[in-house]
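my_file-v6.txt (compact mmCIF, C-alpha atoms and all ligand atoms)
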# COMPACT_ATOMS: atom_id res chain seq x y z
CA MET A 1 -24.02 1.78 42.20
CA THR A 2 -25.83 -1.17 40.75
CA HIS A 3 -25.11 -2.41 37.29
CA ALA A 4 -27.81 -3.54 34.95
CA ALA A 5 -27.79 -7.24 34.27
CA TYR A 6 -29.88 -9.51 32.11
CA PRO A 7 -32.81 -9.21 31.53
CA GLU A 8 -32.67 -5.40 32.00
CA LEU A 9 -29.46 -5.50 30.03
CA ARG A 10 -29.95 -6.95 26.57
CA LEU A 11 -27.13 -6.12 24.16
CA ARG A 12 -29.25 -7.42 21.28
CA ARG A 13 -31.74 -4.51 21.69
CA THR A 14 -29.65 -2.05 19.68
CA ARG A 15 -29.05 -4.67 17.00
CA ALA A 16 -32.70 -5.48 16.34
CA ALA A 17 -33.42 -3.00 13.54
CA ALA A 18 -31.36 -1.81 10.59
CA TRP A 19 -31.77 1.88 11.54
CA SER A 20 -30.50 1.16 15.03
CA ARG A 21 -27.52 -0.81 13.78
CA ARG A 22 -26.64 2.15 11.58
CA LEU A 23 -27.06 4.54 14.50
CA HIS A 24 -24.78 2.52 16.74
CA ALA A 25 -22.03 1.76 14.25
CA GLU A 26 -18.70 2.73 15.83
CA HIS A 27 -16.85 3.01 12.54
CA ARG A 28 -17.81 3.93 8.99
CA LEU A 29 -16.17 3.33 5.64
CA THR A 30 -16.18 5.99 2.96
CA PRO A 31 -14.46 6.14 -0.43
CA ALA A 32 -12.03 8.60 1.21
CA ASP A 33 -10.58 5.68 3.20
CA PHE A 34 -9.02 4.04 0.16
CA ILE A 35 -5.76 4.24 -1.74
CA TRP A 36 -5.97 2.33 -5.02
CA PRO A 37 -2.78 0.63 -6.29
CA LEU A 38 -2.35 0.76 -10.08
CA PHE A 39 0.22 -1.17 -12.13
CA ILE A 40 1.68 0.69 -15.11
CA THR A 41 3.02 -0.84 -18.31
CA GLY A 42 4.45 0.58 -21.54
CA GLY A 43 2.70 1.32 -24.83
CA ARG A 44 -0.63 2.93 -25.64
CA GLY A 45 -4.08 1.46 -25.22
CA VAL A 46 -2.60 -1.56 -23.45
CA GLU A 47 -4.39 -3.57 -20.77
CA GLU A 48 -2.56 -6.65 -19.48
CA PRO A 49 -4.55 -8.74 -17.00
CA VAL A 50 -2.42 -10.09 -14.14
CA GLY A 51 -3.05 -13.84 -14.03
CA SER A 52 -2.62 -14.27 -10.28
CA LEU A 53 -4.78 -11.19 -9.54
CA PRO A 54 -8.09 -11.82 -11.31
CA GLY A 55 -9.77 -8.47 -12.01
CA VAL A 56 -6.50 -6.49 -11.79
CA SER A 57 -4.57 -5.34 -14.87
CA ARG A 58 -1.48 -3.42 -15.79
CA TRP A 59 -2.42 -0.30 -17.74
CA SER A 60 -0.45 1.77 -20.19
CA VAL A 61 -0.14 5.41 -19.10
CA ASP A 62 -3.08 6.64 -21.22
CA LEU A 63 -5.41 4.01 -19.74
CA ALA A 64 -4.04 4.62 -16.24
CA VAL A 65 -5.20 8.22 -16.69
CA ALA A 66 -8.68 6.90 -17.47
CA ARG A 67 -8.57 4.75 -14.31
CA ALA A 68 -7.50 7.82 -12.34
CA ARG A 69 -10.55 9.71 -13.63
CA GLU A 70 -12.83 6.86 -12.53
CA ALA A 71 -11.19 6.75 -9.12
CA ALA A 72 -11.56 10.50 -8.61
CA ALA A 73 -15.21 10.34 -9.70
CA ALA A 74 -15.79 7.56 -7.15
CA GLY A 75 -14.33 9.72 -4.35
CA ILE A 76 -11.00 7.90 -3.98
CA PRO A 77 -8.45 10.47 -2.77
CA CYS A 78 -5.20 8.80 -3.75
CA LEU A 79 -3.59 6.27 -6.09
CA ALA A 80 -0.45 4.17 -5.49
CA LEU A 81 1.61 3.64 -8.65
CA PHE A 82 3.84 0.66 -9.47
CA PRO A 83 5.68 0.29 -12.78
CA ASN A 84 6.35 -2.90 -14.71
CA THR A 85 9.73 -1.83 -16.06
CA PRO A 86 10.67 -3.37 -19.43
CA HIS A 87 13.22 -6.13 -18.84
CA ASP A 88 15.85 -4.49 -21.02
CA ARG A 89 15.78 -1.50 -18.64
CA ARG A 90 16.50 -3.58 -15.53
CA SER A 91 20.06 -3.82 -14.28
CA ASP A 92 21.97 -4.94 -11.21
CA ASP A 93 22.06 -1.38 -9.86
CA GLY A 94 18.46 -0.49 -10.81
CA VAL A 95 19.61 2.84 -12.23
CA GLU A 96 16.42 3.13 -14.32
CA ALA A 97 14.83 4.28 -11.03
CA LEU A 98 16.70 7.57 -11.49
CA ASN A 99 15.62 8.13 -15.10
CA PRO A 100 13.36 11.23 -15.22
CA ASP A 101 11.52 9.67 -18.15
CA ASN A 102 10.96 6.22 -16.67
CA LEU A 103 7.50 4.67 -16.71
CA MET A 104 6.74 5.84 -13.18
CA CYS A 105 7.58 9.49 -13.90
CA GLU A 106 5.68 9.36 -17.18
CA ALA A 107 2.60 8.07 -15.34
CA ILE A 108 2.94 10.66 -12.56
CA ARG A 109 3.12 13.54 -15.03
CA ALA A 110 0.23 12.28 -17.18
CA ILE A 111 -2.10 11.68 -14.24
CA LYS A 112 -1.20 14.94 -12.48
CA ASP A 113 -1.85 16.78 -15.72
CA ALA A 114 -5.22 15.17 -16.45
CA VAL A 115 -6.57 14.55 -12.92
CA PRO A 116 -4.85 17.07 -10.66
CA GLU A 117 -7.38 16.54 -7.86
CA ILE A 118 -6.19 13.00 -7.06
CA GLY A 119 -3.17 12.37 -4.84
CA LEU A 120 -0.31 10.19 -6.06
CA LEU A 121 1.63 7.91 -3.75
CA THR A 122 4.77 6.49 -5.30
CA ASP A 123 6.71 3.42 -4.25
CA VAL A 124 10.38 3.89 -3.44
CA ALA A 125 12.40 0.66 -3.66
CA LEU A 126 14.58 -0.75 -6.40
CA ASP A 127 12.82 -4.07 -7.08
CA PRO A 128 10.86 -2.95 -10.18
CA TYR A 129 14.20 -1.85 -11.69
CA THR A 130 16.76 -4.48 -10.62
CA ALA A 131 17.69 -7.51 -12.71
CA HIS A 132 17.77 -9.61 -9.51
CA GLY A 133 14.41 -8.50 -8.10
CA GLN A 134 15.78 -7.37 -4.72
CA ASP A 135 14.80 -3.96 -3.31
CA GLY A 136 18.41 -2.77 -3.02
CA LEU A 137 22.00 -3.14 -4.19
CA LEU A 138 23.82 -6.44 -3.63
CA ASP A 139 27.37 -7.07 -2.44
CA GLU A 140 29.43 -10.00 -3.78
CA ALA A 141 27.79 -12.34 -1.28
CA GLY A 142 24.32 -11.32 -2.47
CA TYR A 143 23.55 -9.37 0.71
CA VAL A 144 21.39 -6.26 0.23
CA VAL A 145 23.66 -3.44 1.41
CA ASN A 146 21.98 -0.70 3.41
CA ASP A 147 23.78 2.63 3.04
CA ALA A 148 24.60 2.48 -0.67
CA THR A 149 20.97 1.49 -1.32
CA VAL A 150 19.76 4.51 0.67
CA GLU A 151 21.78 6.78 -1.65
CA MET A 152 19.91 5.30 -4.63
CA LEU A 153 16.56 5.65 -2.86
CA ILE A 154 17.22 9.35 -2.24
CA GLY A 155 17.74 9.83 -5.97
CA GLN A 156 14.65 7.79 -6.77
CA ALA A 157 12.51 9.82 -4.36
CA LEU A 158 13.76 13.15 -5.73
CA ASN A 159 13.10 11.91 -9.25
CA GLN A 160 9.49 11.06 -8.36
CA ALA A 161 8.97 14.31 -6.46
CA ALA A 162 10.25 16.31 -9.42
CA ALA A 163 7.71 14.51 -11.64
CA GLY A 164 4.90 15.53 -9.27
CA ALA A 165 4.51 12.76 -6.67
CA ASP A 166 2.55 13.83 -3.57
CA ILE A 167 3.48 11.05 -1.15
CA ILE A 168 6.80 9.24 -1.25
CA ALA A 169 6.33 5.73 0.09
CA PRO A 170 9.58 3.86 0.75
CA SER A 171 8.81 0.13 0.78
CA ASP A 172 12.40 -1.07 0.91
CA MET A 173 12.93 -1.42 4.70
CA MET A 174 16.50 -0.04 4.66
CA ASP A 175 17.56 1.61 7.94
CA GLY A 176 17.80 5.40 7.91
CA ARG A 177 16.10 6.02 4.57
CA ILE A 178 13.23 8.11 5.91
CA GLY A 179 15.51 10.75 7.44
CA ALA A 180 17.79 10.76 4.41
CA ILE A 181 14.87 11.18 1.98
CA ARG A 182 13.21 13.87 4.17
CA GLU A 183 16.41 15.88 4.28
CA ALA A 184 16.87 15.62 0.52
CA LEU A 185 13.26 16.62 -0.16
CA GLU A 186 13.62 19.71 2.03
CA ALA A 187 16.89 20.68 0.35
CA ASP A 188 15.36 20.17 -3.10
CA GLY A 189 12.34 22.43 -2.52
CA HIS A 190 9.75 19.70 -1.82
CA ALA A 191 8.71 20.78 1.67
CA ASN A 192 5.10 19.70 1.11
CA VAL A 193 5.83 16.29 -0.36
CA GLN A 194 4.79 13.77 2.28
CA ILE A 195 6.47 10.55 3.32
CA MET A 196 4.39 7.49 4.15
CA ALA A 197 6.84 4.98 5.55
CA TYR A 198 6.29 1.30 4.96
CA ALA A 199 7.40 1.14 8.59
CA ALA A 200 6.40 -2.37 9.60
CA LYS A 201 6.71 -4.42 6.46
CA TYR A 202 6.95 -8.16 6.94
CA ALA A 203 8.76 -10.77 4.86
CA SER A 204 5.44 -12.20 3.76
CA ALA A 205 4.20 -15.03 1.56
CA PHE A 206 1.31 -12.77 0.52
CA TYR A 207 3.30 -10.68 -2.02
CA GLY A 208 3.47 -13.28 -4.80
CA PRO A 209 0.89 -11.81 -7.20
CA PHE A 210 2.36 -8.31 -6.81
CA ARG A 211 5.74 -9.62 -7.92
CA ASP A 212 4.02 -11.09 -10.99
CA ALA A 213 2.39 -7.72 -11.65
CA VAL A 214 5.64 -5.73 -11.57
CA GLY A 215 7.54 -8.52 -13.30
CA SER A 216 10.08 -9.12 -10.54
CA GLY A 217 8.82 -12.50 -9.33
CA GLY A 218 10.57 -14.59 -11.95
CA LEU A 219 13.82 -12.67 -11.39
CA LEU A 220 13.95 -12.94 -7.62
CA LYS A 221 16.31 -15.50 -6.16
CA GLY A 222 16.05 -16.18 -2.48
CA ASP A 223 13.93 -14.09 -0.15
CA LYS A 224 13.83 -10.64 1.47
CA LYS A 225 14.26 -11.76 5.08
CA SER A 226 17.48 -9.80 5.67
CA TYR A 227 15.53 -6.53 5.45
CA GLN A 228 11.80 -7.21 5.76
CA MET A 229 10.51 -8.15 9.22
CA ASP A 230 10.08 -11.58 10.76
CA PRO A 231 6.33 -12.40 11.11
CA ALA A 232 7.16 -13.62 14.64
CA ASN A 233 7.87 -10.07 15.83
CA GLY A 234 5.47 -7.47 17.22
CA ALA A 235 7.52 -5.35 19.63
CA GLU A 236 10.08 -4.82 16.87
CA ALA A 237 7.37 -3.24 14.71
CA LEU A 238 6.95 -0.54 17.36
CA ARG A 239 10.69 0.16 17.19
CA GLU A 240 10.50 0.40 13.39
CA VAL A 241 7.61 2.84 13.63
CA ALA A 242 9.32 4.92 16.34
CA MET A 243 12.43 5.15 14.18
CA ASP A 244 10.52 6.28 11.09
CA ILE A 245 8.52 8.87 13.05
CA ALA A 246 11.73 10.23 14.57
CA GLU A 247 13.16 10.54 11.07
CA GLY A 248 10.18 12.59 9.85
CA ALA A 249 7.57 10.19 8.45
CA ASP A 250 4.17 11.90 8.09
CA SER A 251 2.33 8.59 8.29
CA VAL A 252 3.24 4.94 8.65
CA MET A 253 2.05 1.75 7.06
CA VAL A 254 1.67 -1.81 8.27
CA LYS A 255 1.93 -4.50 5.62
CA PRO A 256 0.41 -7.02 4.92
CA GLY A 257 -2.96 -6.07 6.39
CA LEU A 258 -5.30 -8.72 7.75
CA PRO A 259 -2.68 -11.03 9.30
CA TYR A 260 -1.15 -8.00 11.08
CA LEU A 261 -4.18 -6.17 12.50
CA ASP A 262 -2.68 -6.63 15.96
CA ILE A 263 0.29 -4.54 14.80
CA VAL A 264 -2.03 -1.82 13.44
CA ALA A 265 -3.81 -1.61 16.80
CA ARG A 266 -0.59 -1.56 18.80
CA VAL A 267 0.95 1.14 16.59
CA LYS A 268 -2.17 3.30 16.81
CA ASP A 269 -2.34 2.93 20.60
CA ALA A 270 1.36 3.63 21.09
CA PHE A 271 1.81 6.62 18.76
CA ASN A 272 -1.58 8.06 17.76
CA ILE A 273 -0.35 9.04 14.31
CA PRO A 274 -1.94 8.29 10.91
CA VAL A 275 -1.60 4.56 10.32
CA PHE A 276 -2.35 2.89 7.01
CA ALA A 277 -2.53 -0.79 6.17
CA TYR A 278 -1.80 -2.43 2.86
CA GLN A 279 -4.27 -5.19 2.07
CA VAL A 280 -1.74 -6.83 -0.23
CA SER A 281 -2.01 -8.79 -3.44
CA GLY A 282 -2.18 -12.22 -1.80
CA GLU A 283 -5.03 -11.05 0.42
CA TYR A 284 -6.94 -9.79 -2.61
CA ALA A 285 -6.26 -13.09 -4.39
CA MET A 286 -7.49 -15.03 -1.35
CA ILE A 287 -10.83 -13.20 -1.38
CA GLU A 288 -11.24 -13.66 -5.14
CA ALA A 289 -10.38 -17.37 -4.83
CA ALA A 290 -12.99 -17.77 -2.10
CA VAL A 291 -15.58 -16.11 -4.34
CA THR A 292 -14.63 -18.35 -7.28
CA VAL A 293 -15.22 -21.56 -5.34
CA GLY A 294 -18.44 -20.25 -3.80
CA ALA A 295 -16.97 -20.01 -0.31
CA GLY A 296 -18.07 -16.43 0.19
CA GLU A 297 -19.78 -13.43 -1.34
CA ARG A 298 -17.46 -10.77 -2.76
CA ASP A 299 -19.14 -7.57 -1.62
CA ALA A 300 -19.59 -8.81 1.94
CA LEU A 301 -16.04 -10.17 2.19
CA VAL A 302 -14.60 -6.93 0.84
CA MET A 303 -16.61 -4.69 3.14
CA GLU A 304 -16.00 -6.79 6.25
CA THR A 305 -12.24 -6.92 5.71
CA LEU A 306 -12.02 -3.20 4.94
CA MET A 307 -14.08 -2.35 8.03
CA SER A 308 -11.74 -4.43 10.16
CA PHE A 309 -8.91 -2.05 9.25
CA LYS A 310 -10.91 0.95 10.43
CA ARG A 311 -11.81 -0.83 13.67
CA ALA A 312 -8.16 -1.66 14.28
CA GLY A 313 -7.30 2.04 14.01
CA CYS A 314 -6.39 2.67 10.40
CA THR A 315 -6.74 6.09 8.84
CA GLY A 316 -6.94 4.41 5.44
CA VAL A 317 -6.25 1.24 3.48
CA LEU A 318 -4.37 0.44 0.30
CA THR A 319 -6.54 -2.11 -1.45
CA TYR A 320 -6.97 -3.53 -4.95
CA HIS A 321 -10.71 -3.58 -4.20
CA ALA A 322 -10.74 0.23 -3.78
CA LEU A 323 -12.79 1.16 -6.85
CA HIS A 324 -15.28 -1.66 -6.30
CA ALA A 325 -15.66 -0.78 -2.61
CA ALA A 326 -15.95 2.96 -3.29
CA ARG A 327 -18.77 2.28 -5.74
CA LEU A 328 -20.53 0.00 -3.27
CA LEU A 329 -20.37 2.90 -0.83
CA GLY A 330 -22.09 5.13 -3.35
CA GLY A 331 -18.99 6.83 -4.71
C1 LIG B 401 8.38 -4.03 -3.10
C2 LIG B 401 6.92 -4.04 -2.79
C3 LIG B 401 6.20 -5.21 -2.59
C4 LIG B 401 4.88 -4.82 -2.40
C5 LIG B 401 4.81 -3.43 -2.47
N1 LIG B 401 6.10 -2.95 -2.70
C6 LIG B 401 6.60 -6.63 -2.66
C7 LIG B 401 7.82 -7.08 -2.01
O1 LIG B 401 8.28 -6.51 -1.01
O2 LIG B 401 8.39 -8.05 -2.52
C8 LIG B 401 3.76 -5.81 -2.17
C9 LIG B 401 2.39 -5.36 -2.45
C10 LIG B 401 1.40 -6.45 -2.66
O3 LIG B 401 1.69 -7.66 -2.49
O4 LIG B 401 0.26 -6.12 -3.01
N2 LIG B 401 9.14 -3.00 -2.75

Have the structure of the file written as structure tokens, please.
Amino acid sequence: MTHAAYPELRLRRTRAAAWSRRLHAEHRLTPADFIWPLFITGGRGVEEPVGSLPGVSRWSVDLAVARAREAAAAGIPCLALFPNTPHDRRSDDGVEALNPDNLMCEAIRAIKDAVPEIGLLTDVALDPYTAHGQDGLLDEAGYVVNDATVEMLIGQALNQAAAGADIIAPSDMMDGRIGAIREALEADGHANVQIMAYAAKYASAFYGPFRDAVGSGGLLKGDKKSYQMDPANGAEALREVAMDIAEGADSVMVKPGLPYLDIVARVKDAFNIPVFAYQVSGEYAMIEAAVTVGAGERDALVMETLMSFKRAGCTGVLTYHALHAARLLGG
């Protein structure tokens, strides 16, 4: 068997015309690939731009409903909700997370009522509710304790499910929380509520603008390295994913996105389950900063980065550029 070689073989042939490039594309983006994160704030008719995330705002529940309508019209299948809890409702134990009338539950009910066709993914972790900005409960030494935190997360997840959440997304990185939440959901009559585990979530420098958006940045002392993963580790991510799958996760997430595409590809190869990536706030800010100084063109940067997630094996991507990208794709 002889193999073609140059000049019979010319890999540029299929790239020569636009129609042929389209025909040979191995991956395609559609608006159905995106989950759009929305930040929720109190009041009515309130839009608060987030300084470190140009183009992203916190919305009061009524305006979040309007954003949900736009997203659904653009073909986006799912939103991810994050509350900016009023500071007087934050406490050391984050008990506001269990309040059936907290901002998150209010937003879930309002959006489900007005735009029932869009899915709602809700974040489970205590950081938007704690006075110290950590994702869990602290002991006297300031260590985030695992098992007592999981008990709180179970209550938080059930609270969100009761309000109408479709996908529970624990972002806290406690051990054992996926199994505990799954069991509680089953027992509480929420058999069809999914769990998307933030399975491989790294202690990243790319979360800064998000912490501004949910108002936990100024409160946070120290870091989250005793529960979020070390960026040096890849094999450990596969153990995290295996653990969450064994505990009943329907899908897993890798976070941040672009600096961890190797992890996405390894997870997809190893487990062949739905894998999502979170193109996080700092990644969004990086693209916008590049556009501002004329270092790149927004639409092209957005589309190229989003395509890279599909190529790496993602089923979908959480991205603050979701609405913009969906519209570019004709949604
Ligand atoms: C916290 C949480 C974070 C993000 C999502 N959920 C930040 C953190 O772990 O401190 C980051 C998202 C982003 O940066 O866009 N549970």

If we count all atoms listed in the file, what is near range 183-199 of chain A at a cut-off of 6 Å, once residues fewer than 4 positions away on the same chain are taken out, given as an MDAnalysis selection string? chainID A and resid 166:171 240:241 249:253

Counting all atoms listed in the file, which residue out of A:Pro274, A:Pro54, A:Gly136, A:Gly119 sits closest to ligand LIG 401 (chain B)?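 Selected residue with least distance to ligand LIG 401 (chain B): A:Gly136.
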
Compile the contact shell of Glu26 in chain A as a count of residues only: residues with an atom at most 12 Å away, counting all atoms listed in the file, same-chain residues fewer than 4 positions apart removed. 9

When you count all atoms listed in the file, which of these residues is closest to Leu153 in chain A: A:Arg69, A:Arg211, A:Arg182, A:Lys112? A:Arg182

Mind giving me the straight-line distance from CA of Asp93 in chain A to CA of Ser204 in chain A in Å, one decimal?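 Straight-line distance from CA of Asp93 in chain A to CA of Ser204 in chain A works out to 24.1 Å.
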
Please return as a count of residues only the residues found within 10 Å of ligand LIG 401 (chain B), counting only C-alpha atoms and all ligand atoms. 57

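The interatomic distance for the pair CA of Ala163 in chain A and CA of Gly215 in chain A works out to 23.1 Å.
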
Neighbouring residues of Glu247 in chain A were defined as those with any atom within 9 Å, considering all atoms listed in the file; residues of the same chain fewer than 4 positions away were excluded. Please report them as a PyMOL selection string. chain A and resi 176-180+182+242-243

Have a look at CA of Asp230 in chain A and CA of Ala277 in chain A and let me know their distance in Å, one decimal.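 For CA of Asp230 in chain A relative to CA of Ala277 in chain A, the distance reads 17.2 Å.
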
Hey, which of A:Ile273, A:Ala71, A:Ala295, A:Ala107 ends up closest to His324 in chain A? Count all atoms listed in the file. A:Ala71

So that I can check the surroundings of Leu328 in chain A, please list as an NGL selection string every protein, DNA and RNA residue that reaches within 12 Å of it, counting only C-alpha atoms and ignoring chain neighbours fewer than 5 positions away. :A and (29-31 or 74-75 or 298-300 or 302-303 or 321-323)

Which residue is closest to Asn233 in chain A? Choose from A:Asp101, A:Glu304, A:Asp262, A:Val95 and count only C-alpha atoms.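 Going through A:Asp101, A:Glu304, A:Asp262, A:Val95 one by one, the smallest distance to Asn233 in chain A is for A:Asp262.
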